[in-house]
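These notes concern the structure reproduced below.
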Protein chains: 2
Amino acid sequence: MSKYASNKGTKNSSAPPLKGVNRALEVLELVASKPGRATDIANELGISWATLHRTLSQLEQGGFLERDSDSGRYNIGTKAWQIGTKYLANHRVLELAQPYLDSAAGKGSLTVQLVQRSGRIALTLYSRNISGEIITKATYGYHFPLHCGSKGQVLLAYSPREFIESYLDGPLESLTSESVVNPEKIRKIIEDIKSNGYAFTEGDVQPFSGSISAPVFDHQGSLVAAVCIITRRSAFKDQARKEEITEIVLQTTQSISIALGWRPSGILKK
Amino acid sequence: MSKYASNKGTKNSSAPPLKGVNRALEVLELVASKPGRATDIANELGISWATLHRTLSQLEQGGFLERDSDSGRYNIGTKAWQIGTKYLANHRVLELAQPYLDSAAGKGSLTVQLVQRSGRIALTLYSRNISGEIITKATYGYHFPLHCGSKGQVLLAYSPREFIESYLDGPLESLTSESVVNPEKIRKIIEDIKSNGYAFTEGDVQPFSGSISAPVFDHQGSLVAAVCIITRRSAFKDQARKEEITEIVLQTTQSISIALGWRPSGILKK
DNA sequence: TGAATATATCCGTTATATGGATATAATATA
DNA sequence: TATATTATATCCATATAACGGATATATTCA
């Protein structure tokens, strides 16, 4: 039927789809978010088994996927890490921010992260963990939705209005019993964050941890990342300690933003 | 160029190649190792411009590549990091090793890494850097060939004979004027490493840094990773310090190997 | 300003991926 | 242990979807 009707309605002539490649990328994304067996993947993606099989083999052969021969489950492979790390090697903001993050971590023996928004999730770019106190999911590879955890909330709060709305329209998952998933309440939280300049949450990602985050801006005043300090929840009971941590976060984000050319008063440098 | 010969003569019936997907993966690998403009990539891979363009667009649209609109250069994109980090989240050895690595880092304010072999390169899985002393390329995203740096040499030394030979047959790049690239000399180094149980190199990766590495084995006694301690070269002038660091490396690898079920004397547990 | 180089897009042709069907392997169940 | 069930692997004729030469546009350089 559709011999030549590949073009969608998009104003600029939509690119030809390269179906095979697209499927492979989809498979990668799916496996990343939910490792599983071949059949699961085929069902989830609604593609024929034979087709999927070829794709899986190809990805496995390239090292992008790995298959555990006992369980038959596919996982992300070595090559994906090898290539993914190259993203960091060219990351201007990270390079610039790193010394400030390390210094912050030193100040209070804290877990400090630099995070960035990627679609609907908060993506950790750098994580400086303190040996003594290990918070399970405060490392690379744990991506949370934006409405859970102070880091996501900050990233959400300073995103464009339209994005916020479309985000809140989507499904809002609960990570713990304390996660806030009511759009109306999240809107309120966003208000607060924007007036305070930082976010604080506890127990909404992991039951026994809490975090404080603040935004990093570039020379145009737009959000590029967030800095997040995570620690065990109990630490925040001590009000003085909490204020101290807040101070460290704000100082750090301010320093990084300034290093990026941002000017506090909104006066852009010419 | 043509990395993997499409399975023609393989004994089992040749699998269908899925050319498009394969090309996309090749592009990713190439960009990771050498970011560049579209034309460069097309030439390097020897594929027609039109074809490449589609592939690039698709990868960019998926977030696997990013294009700097000023320079026109393509780099690895956010999504690649997002997915790559998931590799770590499922990494048994890393999970188990991490506490030991952190403890080692604490002992001497050192940069400690866990590395793994991936094809012809040494791939960093975990890197604990010390704030004060920053060694430029001791982070994620810098992948070195196996013959440069103690970590690569250890990984090479304990690889299967046949792999070593095929590795030495390939082209051996120099990273600094002190890199050893003579196959005969490398064979000698491998001998030494296997009799000492660790490797030490300086100035062969970066002029002013040096490192000591030792192998990590699993319950079957096969190499799974290496632990590497990197510091400024001058530190190794102090013989006592050098021995101290060697001791830390060996203790760490031993602990991790044992935790993996390896038994020192070669006695396998039943 | 014009030449040269890089990027974007079009479109007929055919090589290539598709998916139903069949074959084999691995589990679950009786 | 035998048998049903579900998962994985492979084959092959067909039509779809990708290819690449050619052309159009944008960008860079001299």
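Residues in the structure tokens are named by chain (A, B, ... in the order shown) and by number from 1 within that chain; ligands are numbered from 1 in the order shown.
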
Please report as a Markdown table every residue of chain A lying within 9 Å of chain D, along with the nearest atom pair and their distance in Å (one decimal), using only C-alpha atoms (C1' of nucleotides).
```
| residue | atom | partner | partner_atom | distance |
| --- | --- | --- | --- | --- |
| A:Lys3 | CA | D:DT16 | C1' | 8.7 |
| A:Leu18 | CA | D:DA18 | C1' | 7.3 |
| A:Lys19 | CA | D:DA17 | C1' | 8.0 |
| A:Ala38 | CA | D:DT8 | C1' | 8.4 |
| A:Thr39 | CA | D:DA7 | C1' | 7.3 |
| A:Ala50 | CA | D:DA9 | C1' | 8.9 |
| A:His53 | CA | D:DA9 | C1' | 8.6 |
```

Could those selected residues go to a file with N, CA and C atoms, as a tab-separated table (two decimals), in the first residue's frame?
```
chain	number	residue	atom	x	y	z
A	3	LYS	N	3.39	2.88	-0.70
A	3	LYS	CA	4.62	2.73	-1.46
A	3	LYS	C	5.60	3.84	-1.13
A	18	LEU	N	14.81	4.44	8.64
A	18	LEU	CA	15.88	3.51	8.99
A	18	LEU	C	15.39	2.54	10.06
A	19	LYS	N	14.34	1.87	9.73
A	19	LYS	CA	13.65	1.04	10.73
A	19	LYS	C	14.54	0.13	11.56
A	38	ALA	N	14.61	-12.83	25.70
A	38	ALA	CA	14.26	-12.44	24.34
A	38	ALA	C	12.75	-12.31	24.16
A	39	THR	N	12.02	-13.27	24.65
A	39	THR	CA	10.57	-13.24	24.46
A	39	THR	C	9.95	-12.00	25.10
A	50	ALA	N	11.43	-13.50	14.99
A	50	ALA	CA	12.56	-13.68	14.07
A	50	ALA	C	13.34	-12.39	13.91
A	53	HIS	N	15.25	-11.48	17.05
A	53	HIS	CA	16.40	-12.35	17.25
A	53	HIS	C	17.63	-11.85	16.51
```

Closest pair table for chain C residues within 12 Å of chain B, only C-alpha atoms (C1' of nucleotides), as a tab-separated table:
```
residue	atom	partner	partner_atom	distance
C:DT5	C1'	B:Thr39	CA	9.9
C:DA6	C1'	B:Thr39	CA	7.3
C:DT7	C1'	B:Ala38	CA	8.4
C:DA8	C1'	B:His53	CA	8.5
C:DT9	C1'	B:Ala50	CA	9.0
C:DC10	C1'	B:Ala50	CA	10.9
C:DA15	C1'	B:Lys19	CA	11.1
C:DT16	C1'	B:Leu18	CA	8.1
C:DA17	C1'	B:Leu18	CA	7.1
C:DT18	C1'	B:Leu18	CA	11.2
```

Please return, as an MDAnalysis selection string, all residues of stretch 127-201 of chain A that DSSP assigns to helix (DSSP H, G or I) on the basis of the backbone.
chainID A and resid 150:157 161:169 183:196

Got a sec to align chain A on chain B by every in-order Cα pair and hand back the fitted coordinates as a CSV table (one decimal) with C-alpha atoms, in the first residue's frame?
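Saved to superposed.csv:
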```csv
chain,number,residue,atom,x,y,z
A,1,MET,CA,25.7,-10.7,-8.3
A,2,SER,CA,25.8,-12.1,-4.8
A,3,LYS,CA,22.1,-12.8,-4.6
A,4,TYR,CA,22.2,-15.3,-1.8
A,5,ALA,CA,25.9,-15.6,-1.0
A,6,SER,CA,25.8,-13.7,2.2
A,7,ASN,CA,27.1,-16.7,4.1
A,8,LYS,CA,30.8,-16.5,4.9
A,9,GLY,CA,33.1,-19.4,5.4
A,10,THR,CA,32.5,-19.5,9.1
A,11,LYS,CA,31.7,-23.0,10.3
A,12,ASN,CA,28.4,-22.0,12.0
A,13,SER,CA,26.3,-20.3,9.4
A,14,SER,CA,27.2,-16.7,9.8
A,15,ALA,CA,24.4,-14.5,10.9
A,16,PRO,CA,22.9,-12.2,8.3
A,17,PRO,CA,24.7,-8.9,8.6
A,18,LEU,CA,22.1,-6.3,9.4
A,19,LYS,CA,24.3,-3.8,7.6
A,20,GLY,CA,22.5,-0.7,8.7
A,21,VAL,CA,22.7,-1.5,12.4
A,22,ASN,CA,26.3,-2.6,12.1
A,23,ARG,CA,27.2,0.6,10.4
A,24,ALA,CA,25.5,2.6,13.1
A,25,LEU,CA,27.5,0.8,15.8
A,26,GLU,CA,30.7,1.4,13.8
A,27,VAL,CA,29.9,5.1,13.7
A,28,LEU,CA,29.4,5.2,17.4
A,29,GLU,CA,32.7,3.5,18.0
A,30,LEU,CA,34.6,5.7,15.7
A,31,VAL,CA,33.1,8.9,17.2
A,32,ALA,CA,34.0,7.6,20.6
A,33,SER,CA,37.6,7.1,19.7
A,34,LYS,CA,37.8,10.2,17.5
A,35,PRO,CA,35.1,12.8,17.4
A,36,GLY,CA,34.9,14.6,14.1
A,37,ARG,CA,32.8,16.2,11.4
A,38,ALA,CA,30.5,14.3,9.1
A,39,THR,CA,32.9,14.2,6.2
A,40,ASP,CA,35.7,12.9,8.3
A,41,ILE,CA,33.6,10.1,9.5
A,42,ALA,CA,32.4,9.3,6.0
A,43,ASN,CA,36.0,9.1,4.7
A,44,GLU,CA,37.3,7.1,7.7
A,45,LEU,CA,34.6,4.5,7.3
A,46,GLY,CA,34.6,4.6,3.5
A,47,ILE,CA,30.8,5.0,3.2
A,48,SER,CA,28.8,7.2,1.0
A,49,TRP,CA,27.9,10.6,2.3
A,50,ALA,CA,24.1,10.2,1.8
A,51,THR,CA,24.1,6.9,3.7
A,52,LEU,CA,26.2,8.3,6.6
A,53,HIS,CA,24.1,11.3,6.9
A,54,ARG,CA,21.0,9.3,7.6
A,55,THR,CA,22.8,7.2,10.1
A,56,LEU,CA,24.2,10.3,11.9
A,57,SER,CA,20.8,11.9,12.0
A,58,GLN,CA,19.2,8.8,13.4
A,59,LEU,CA,21.9,8.5,16.1
A,60,GLU,CA,21.6,12.1,16.9
A,61,GLN,CA,17.9,12.0,17.2
A,62,GLY,CA,18.2,9.1,19.6
A,63,GLY,CA,20.6,11.1,21.8
A,64,PHE,CA,23.5,8.7,21.1
A,65,LEU,CA,25.4,11.4,19.3
A,66,GLU,CA,25.5,15.1,19.8
A,67,ARG,CA,26.5,17.6,17.2
A,68,ASP,CA,28.2,20.9,18.1
A,69,SER,CA,26.5,23.2,15.7
A,70,ASP,CA,29.5,25.7,15.7
A,71,SER,CA,32.2,23.3,14.8
A,72,GLY,CA,30.0,20.7,13.1
A,73,ARG,CA,31.7,18.0,15.1
A,74,TYR,CA,29.9,15.0,16.4
A,75,ASN,CA,30.5,13.7,19.9
A,76,ILE,CA,29.0,10.9,22.0
A,77,GLY,CA,25.6,11.9,23.3
A,78,THR,CA,23.9,11.8,26.6
A,79,LYS,CA,21.9,8.7,25.9
A,80,ALA,CA,25.1,6.7,25.5
A,81,TRP,CA,26.1,7.6,29.0
A,82,GLN,CA,22.7,6.9,30.3
A,83,ILE,CA,22.8,3.4,28.9
A,84,GLY,CA,26.4,2.8,29.5
A,85,THR,CA,26.1,3.3,33.2
A,86,LYS,CA,23.6,0.5,33.4
A,87,TYR,CA,26.5,-1.8,32.6
A,88,LEU,CA,28.0,-1.0,36.0
A,89,ALA,CA,24.7,-1.5,37.8
A,90,ASN,CA,24.8,-5.2,37.0
A,91,HIS,CA,28.5,-5.7,37.4
A,92,ARG,CA,29.1,-8.4,40.0
A,93,VAL,CA,32.8,-8.0,40.3
A,94,LEU,CA,32.6,-4.3,40.7
A,95,GLU,CA,29.9,-4.5,43.3
A,96,LEU,CA,32.0,-6.9,45.3
A,97,ALA,CA,35.2,-5.0,44.9
A,98,GLN,CA,34.0,-1.5,45.7
A,99,PRO,CA,34.4,-1.6,49.5
A,100,TYR,CA,37.9,-3.0,49.2
A,101,LEU,CA,38.8,-0.3,46.6
A,102,ASP,CA,37.4,2.5,48.8
A,103,SER,CA,39.3,1.1,51.8
A,104,ALA,CA,42.5,1.1,49.8
A,105,ALA,CA,42.0,4.6,48.7
A,106,GLY,CA,41.5,5.7,52.3
A,107,LYS,CA,44.7,4.0,53.4
A,108,GLY,CA,47.0,6.2,51.6
A,109,SER,CA,45.0,9.1,50.0
A,110,LEU,CA,45.5,7.4,46.7
A,111,THR,CA,43.8,7.2,43.3
A,112,VAL,CA,42.5,3.6,43.0
A,113,GLN,CA,41.0,2.1,39.9
A,114,LEU,CA,39.3,-1.2,38.9
A,115,VAL,CA,40.0,-1.9,35.3
A,116,GLN,CA,39.0,-4.6,32.8
A,117,ARG,CA,40.1,-5.7,29.4
A,118,SER,CA,37.9,-4.8,26.5
A,119,GLY,CA,39.4,-5.9,23.3
A,120,ARG,CA,42.7,-4.2,22.9
A,121,ILE,CA,42.2,-1.6,25.6
A,122,ALA,CA,42.1,-1.2,29.4
A,123,LEU,CA,38.7,0.0,30.4
A,124,THR,CA,38.2,1.8,33.7
A,125,LEU,CA,35.2,0.5,35.7
A,126,TYR,CA,35.7,2.4,38.9
A,127,SER,CA,38.0,5.3,39.8
A,128,ARG,CA,38.3,6.8,43.2
A,129,ASN,CA,40.3,9.9,42.8
A,130,ILE,CA,41.7,12.0,45.6
A,131,SER,CA,40.8,15.6,45.5
A,132,GLY,CA,44.1,17.1,46.3
A,133,GLU,CA,46.1,15.4,43.6
A,134,ILE,CA,44.4,15.4,40.3
A,135,ILE,CA,45.9,13.2,37.6
A,136,THR,CA,44.3,14.4,34.4
A,137,LYS,CA,43.5,11.1,32.7
A,138,ALA,CA,42.7,9.1,35.8
A,139,THR,CA,39.0,9.1,35.3
A,140,TYR,CA,36.4,7.5,33.2
A,141,GLY,CA,36.6,7.9,29.5
A,142,TYR,CA,40.3,7.6,29.0
A,143,HIS,CA,41.0,4.2,27.5
A,144,PHE,CA,44.6,3.2,27.0
A,145,PRO,CA,46.1,0.4,25.0
A,146,LEU,CA,47.3,-2.6,26.9
A,147,HIS,CA,51.0,-2.1,26.6
A,148,CYS,CA,51.0,1.4,28.2
A,149,GLY,CA,50.5,1.7,31.9
A,150,SER,CA,50.7,-0.9,34.6
A,151,LYS,CA,47.0,-1.6,34.4
A,152,GLY,CA,47.1,-2.6,30.8
A,153,GLN,CA,50.2,-4.6,31.2
A,154,VAL,CA,48.8,-6.6,34.0
A,155,LEU,CA,45.6,-7.3,31.9
A,156,LEU,CA,47.8,-8.3,29.0
A,157,ALA,CA,50.1,-10.4,31.0
A,158,TYR,CA,47.4,-12.7,32.4
A,159,SER,CA,45.5,-13.0,29.1
A,160,PRO,CA,45.7,-16.2,27.1
A,161,ARG,CA,49.0,-16.7,25.2
A,162,GLU,CA,47.3,-16.5,21.9
A,163,PHE,CA,45.7,-13.2,22.6
A,164,ILE,CA,49.0,-11.8,23.8
A,165,GLU,CA,50.6,-12.8,20.5
A,166,SER,CA,47.8,-11.4,18.4
A,167,TYR,CA,48.0,-8.2,20.4
A,168,LEU,CA,51.7,-7.8,19.9
A,169,ASP,CA,51.2,-8.4,16.2
A,170,GLY,CA,48.9,-5.3,16.0
A,171,PRO,CA,50.1,-1.7,15.8
A,172,LEU,CA,51.6,-0.5,19.1
A,173,GLU,CA,51.1,3.2,19.7
A,174,SER,CA,53.3,5.4,21.9
A,175,LEU,CA,51.6,7.6,24.4
A,176,THR,CA,54.7,9.3,25.7
A,177,SER,CA,58.4,9.1,24.8
A,178,GLU,CA,58.8,6.5,27.5
A,179,SER,CA,56.1,4.1,26.3
A,180,VAL,CA,57.5,0.7,25.5
A,181,VAL,CA,56.4,-0.4,22.0
A,182,ASN,CA,58.9,-3.1,21.2
A,183,PRO,CA,57.1,-6.5,21.2
A,184,GLU,CA,60.2,-8.2,22.4
A,185,LYS,CA,60.6,-5.9,25.4
A,186,ILE,CA,56.9,-6.2,26.2
A,187,ARG,CA,57.3,-10.0,26.3
A,188,LYS,CA,60.0,-9.6,28.8
A,189,ILE,CA,57.9,-7.2,30.9
A,190,ILE,CA,55.1,-9.8,30.8
A,191,GLU,CA,57.5,-12.4,32.2
A,192,ASP,CA,58.5,-10.1,35.0
A,193,ILE,CA,54.9,-9.3,35.9
A,194,LYS,CA,53.9,-12.9,36.1
A,195,SER,CA,56.8,-13.7,38.4
A,196,ASN,CA,56.3,-10.7,40.6
A,197,GLY,CA,52.5,-10.8,40.6
A,198,TYR,CA,52.2,-7.1,39.9
A,199,ALA,CA,53.3,-4.4,37.5
A,200,PHE,CA,54.9,-1.0,37.9
A,201,THR,CA,55.3,1.7,35.3
A,202,GLU,CA,55.9,5.4,35.3
A,203,GLY,CA,55.8,8.1,32.6
A,204,ASP,CA,54.6,5.8,29.9
A,205,VAL,CA,51.0,7.1,29.9
A,206,GLN,CA,51.4,10.6,31.2
A,207,PRO,CA,54.8,12.1,31.8
A,208,PHE,CA,54.4,12.9,35.5
A,209,SER,CA,52.4,10.0,36.9
A,210,GLY,CA,53.1,6.4,37.6
A,211,SER,CA,51.1,3.4,38.8
A,212,ILE,CA,51.2,-0.1,40.3
A,213,SER,CA,48.7,-2.8,39.3
A,214,ALA,CA,47.9,-6.4,40.2
A,215,PRO,CA,45.4,-8.9,38.8
A,216,VAL,CA,42.1,-10.0,40.2
A,217,PHE,CA,41.1,-13.6,39.6
A,218,ASP,CA,37.7,-15.4,39.9
A,219,HIS,CA,36.9,-18.8,41.4
A,220,GLN,CA,38.3,-20.5,38.3
A,221,GLY,CA,41.5,-18.7,38.6
A,222,SER,CA,41.0,-16.7,35.5
A,223,LEU,CA,41.7,-13.0,35.2
A,224,VAL,CA,38.6,-10.8,35.5
A,225,ALA,CA,40.0,-7.4,36.3
A,226,ALA,CA,43.0,-5.5,37.7
A,227,VAL,CA,43.4,-3.0,40.5
A,228,CYS,CA,45.6,0.0,39.8
A,229,ILE,CA,46.9,2.7,42.0
A,230,ILE,CA,48.0,5.8,40.3
A,231,THR,CA,49.9,8.7,41.8
A,232,ARG,CA,52.4,11.4,40.8
A,233,ARG,CA,55.6,10.0,39.6
A,234,SER,CA,57.8,11.6,42.2
A,235,ALA,CA,56.1,9.6,45.0
A,236,PHE,CA,57.7,6.4,43.7
A,237,LYS,CA,61.2,7.9,44.3
A,238,ASP,CA,60.6,7.1,47.9
A,239,GLN,CA,61.3,3.4,48.0
A,240,ALA,CA,59.5,2.8,51.3
A,241,ARG,CA,56.4,4.5,49.9
A,242,LYS,CA,56.6,2.5,46.7
A,243,GLU,CA,56.7,-0.7,48.7
A,244,GLU,CA,53.8,0.5,50.8
A,245,ILE,CA,51.7,1.1,47.7
A,246,THR,CA,52.6,-2.2,46.3
A,247,GLU,CA,51.5,-3.8,49.5
A,248,ILE,CA,48.1,-2.1,49.4
A,249,VAL,CA,47.5,-3.1,45.8
A,250,LEU,CA,48.4,-6.7,46.5
A,251,GLN,CA,46.3,-6.9,49.6
A,252,THR,CA,43.4,-5.4,47.8
A,253,THR,CA,43.5,-7.7,44.8
A,254,GLN,CA,43.9,-10.7,47.1
A,255,SER,CA,40.9,-9.7,49.1
A,256,ILE,CA,38.7,-9.2,46.1
A,257,SER,CA,39.9,-12.4,44.4
A,258,ILE,CA,39.1,-14.4,47.6
A,259,ALA,CA,35.7,-12.8,47.8
A,260,LEU,CA,35.2,-14.0,44.3
A,261,GLY,CA,35.9,-17.6,45.4
A,262,TRP,CA,39.5,-17.8,44.3
A,263,ARG,CA,41.8,-19.8,46.5
A,264,PRO,CA,45.5,-18.7,46.8
A,265,SER,CA,47.2,-22.1,46.5
A,266,GLY,CA,45.2,-23.0,43.4
A,267,ILE,CA,43.0,-25.3,45.5
A,268,LEU,CA,39.6,-24.9,44.1
A,269,LYS,CA,36.8,-25.1,46.5
A,270,LYS,CA,34.3,-27.8,45.9
```
